[in-house]
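**Student:** Have a look at this one.
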Amino acid sequence: MYSSYEERLALLQKFSDGSLAFYTHLPKAVHQKGDGWELVSSGSRFKMLNGVLIQSSRKDLVAEVVSVLQEKGINADIRLVGPGISQISALAEHGYKQFGSTPFMLWRADGSVDDFGIRDGLTARRLGKDDLEVMCGIYMDVYGMSPEVIEDFKTFLFATPNDHTYGLFKNGEMVSLVTAMVYEDTVGIWSMGTPTKHQKNGYGRELLLYVMKVHKDMGAKDFFLHASSAGKFLYDKCGWITLDYLPYLSR
């Protein structure tokens with residue numbers, strides 16, 4: 001299944017197209033595409049909010065990318081796909097280090113969630129701007145974001161009507177959240193978070209399955225995400241498949 005590089009690249013491109021459609025709504029967004037590489041930046045000074053995808057082994061590609069980043073004053077993390085993996089040494093010469101490989105995962109909508117229902121004592125709803133401070137508190141707790149990063153990250157939240165962020169609640173307290181970005185008939189799961197004190201209770205799985213069912217019922221066909229090593233176990237249990245492992249580099 002999806003064994004060819006071309007098939008996997010086409011699915012990654014669908015996810016990237018959805019990301020780009022979102023980024024263009026950000027006031028400081030930068031998008032530039034070259035031969036074998038693509039930069040999508042939120043305009044933030046923080047590299048975790050900007051990214052470059054390299055998919056070619058072309059000589060001098062890395063020097064070209066680094067020159068563009070320097071010219072535009074952008075810090076960005078880099079992911080490699082397919083032949084782009086051969087650029088690791090060239091990136092190292094420019095100070096980039098590899099920090100593992102992130103699983104790129106897919107769930108193709110099927111009937112596995114049709115009978116899903118949230119368990120007793122829990123409720124879920126779509127979040128709005130009134131929930132922003134609670135959301136940011138969860139992101140700071142789960143991802144270790146500093147207040148400075150959070151300020152830039154806020155520009156992402158509710159930037160377009162296609163941002164569907166959901167919260168799971170127990171006794172009125174938000175115990176998990178998931179952001180799903182909708183693009184045509186695809187959904188990108190951009191972030192998930194369960195407060196430290198509420199982890200190990202299955203809340204993340206409960207909310208993810210809820211989101212999968214809601215958007216499947218709305219007509220979504222393909223669901224994508226970049227998983228962390230810790231999160232992959234959860235996605236495996238929910239029926240997602242790993243399409244590829246993309247080396248992740250930063251400096």
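In the structure tokens, chains take letters A, B, ... by order of appearance, with residues numbered from 1 within each chain and ligands from 1 in the order shown.
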Compile the contact shell of segment 153-170 of chain A as a list in words: residues with an atom at most 6 Å away, counting only C-alpha atoms, same-chain residues fewer than 2 positions apart removed.

**Tutor:**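 Neighbouring residues, sequence-local ones excluded: Leu122, Thr123, Ala124, Arg125, Arg126, Leu127, Ile150, Glu151, Gly172, Glu173, Met174, Val175, Ser176, Leu177, Val178, Thr179, Ala180, Met181 and Val182 of chain A.
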
**Student:** With C-alpha atoms retained, write the just-selected residues as a tab-separated table (two decimals), in the first residue's frame.

**Tutor:**
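Generated output (result_25.tsv):
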chain	number	residue	atom	x	y	z
A	122	LEU	CA	-16.92	13.63	28.75
A	123	THR	CA	-18.16	16.19	26.23
A	124	ALA	CA	-16.56	17.72	23.15
A	125	ARG	CA	-17.15	20.92	21.21
A	126	ARG	CA	-15.51	23.17	18.67
A	127	LEU	CA	-13.46	25.90	20.34
A	150	ILE	CA	2.98	31.61	22.21
A	151	GLU	CA	2.48	35.22	21.11
A	172	GLY	CA	-16.17	21.77	32.73
A	173	GLU	CA	-12.36	21.55	32.46
A	174	MET	CA	-10.60	21.17	29.10
A	175	VAL	CA	-8.66	17.90	29.28
A	176	SER	CA	-7.48	17.65	25.64
A	177	LEU	CA	-7.54	19.61	22.38
A	178	VAL	CA	-7.05	18.85	18.69
A	179	THR	CA	-6.68	21.23	15.75
A	180	ALA	CA	-7.88	19.99	12.37
A	181	MET	CA	-7.23	22.13	9.28
A	182	VAL	CA	-9.65	21.48	6.43

**Student:** Check segment 10-148 of chain A with DSSP on the backbone and list each residue it calls helix (DSSP H, G or I), as a PyMOL selection string.

**Tutor:** chain A and resi 10-23+47-49+61-72+82-93+111-113+129-143+147-148

**Student:** Enumerate, as a short mmCIF file (atom, residue, chain, number, x, y, z; two decimals) with C-alpha atoms, in the first residue's frame, the complete set of residues in segment 144-213 of chain A that a backbone-based DSSP assignment places in strand (DSSP E).

**Tutor:**
data_model
loop_
_atom_site.label_atom_id
_atom_site.label_comp_id
_atom_site.auth_asym_id
_atom_site.auth_seq_id
_atom_site.Cartn_x
_atom_site.Cartn_y
_atom_site.Cartn_z
CA ASP A 163 -9.40 25.97 11.46
CA HIS A 164 -11.48 23.44 13.40
CA THR A 165 -10.07 23.20 16.91
CA TYR A 166 -11.92 20.95 19.35
CA GLY A 167 -11.76 20.60 23.10
CA LEU A 168 -12.63 17.62 25.28
CA PHE A 169 -14.11 18.51 28.65
CA LYS A 170 -14.58 16.75 31.97
CA GLU A 173 -12.36 21.55 32.46
CA MET A 174 -10.60 21.17 29.10
CA VAL A 175 -8.66 17.90 29.28
CA SER A 176 -7.48 17.65 25.64
CA LEU A 177 -7.54 19.61 22.38
CA VAL A 178 -7.05 18.85 18.69
CA THR A 179 -6.68 21.23 15.75
CA ALA A 180 -7.88 19.99 12.37
CA MET A 181 -7.23 22.13 9.28
CA VAL A 182 -9.65 21.48 6.43
CA TYR A 183 -8.61 21.77 2.79
CA THR A 186 -8.54 16.55 3.25
CA VAL A 187 -7.85 17.24 6.92
CA GLY A 188 -4.48 18.02 8.45
CA ILE A 189 -4.16 17.32 12.16
CA TRP A 190 -1.89 20.20 13.10
CA SER A 191 -1.67 19.87 16.84
CA MET A 192 -2.87 17.82 19.78
CA GLY A 193 -2.39 18.43 23.45
#

**Student:** Rank A:Lys72, A:Arg8, A:Arg79, A:Lys47 by their smallest atom-to-atom distance to Leu243 of chain A, using only C-alpha atoms, and report the top residue only.

**Tutor:**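 Closest candidate: A:Arg8.
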
**Student:** Which residue out of A:Met105, A:Val142, A:Leu49, A:Val62 has the minimum interatomic distance to Asp77 of chain A when only C-alpha atoms are used?

**Tutor:**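 Between A:Met105, A:Val142, A:Leu49, A:Val62, the residue approaching Asp77 of chain A most closely is A:Leu49.
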
**Student:** Need to verify the contact set: Lys232 of chain A, 10 Å, only C-alpha atoms, exclusion of same-chain residues closer than 5 positions in sequence. Can you return it as a PyMOL selection string?

**Tutor:** chain A and resi 102-105+226-227+237-238+240-242

**Student:** Go ahead and compute the interatomic distance for atom CA of Ile78 of chain A and atom CA of Met145 of chain A, in Å to one decimal.

**Tutor:**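 About the pair atom CA of Ile78 of chain A and atom CA of Met145 of chain A: they are 19.3 Å apart.
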
**Student:** At what distance in Å, to one decimal, does atom CA of Arg45 of chain A lie from atom CA of Glu148 of chain A?

**Tutor:**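 Rounded to one decimal, the two atoms are 10.0 Å apart.
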
**Student:** Choose the residue, out of A:Val40, A:Ala10, A:Ala90, A:Val211, that has the smallest atom-to-atom separation from Asp60 of chain A; count only C-alpha atoms.

**Tutor:**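 Between A:Val40, A:Ala10, A:Ala90, A:Val211, the residue approaching Asp60 of chain A most closely is A:Ala90.
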
**Student:** Which residue out of A:Leu53, A:Met135, A:Leu209, A:Val113 has the minimum interatomic distance to Ile85 of chain A when only C-alpha atoms are used?

**Tutor:**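 Distance minimum relative to Ile85 of chain A lands on A:Leu53.
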
**Student:** Give the answer as one residue: which of A:Lys129, A:Tyr210, A:Gly51, A:His198 has the shortest atom-to-atom distance to Leu69 of chain A, using only C-alpha atoms?

**Tutor:**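 Between A:Lys129, A:Tyr210, A:Gly51, A:His198, the residue approaching Leu69 of chain A most closely is A:Gly51.
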
**Student:** Go through A:Trp37, A:Phe224, A:Tyr96, A:Tyr23 one by one, measure the shortest atom-to-atom distance of each to Asp244 of chain A using only C-alpha atoms, and give the residue with the smallest value.

**Tutor:**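 So, comparing all the options, the nearest one is A:Phe224.
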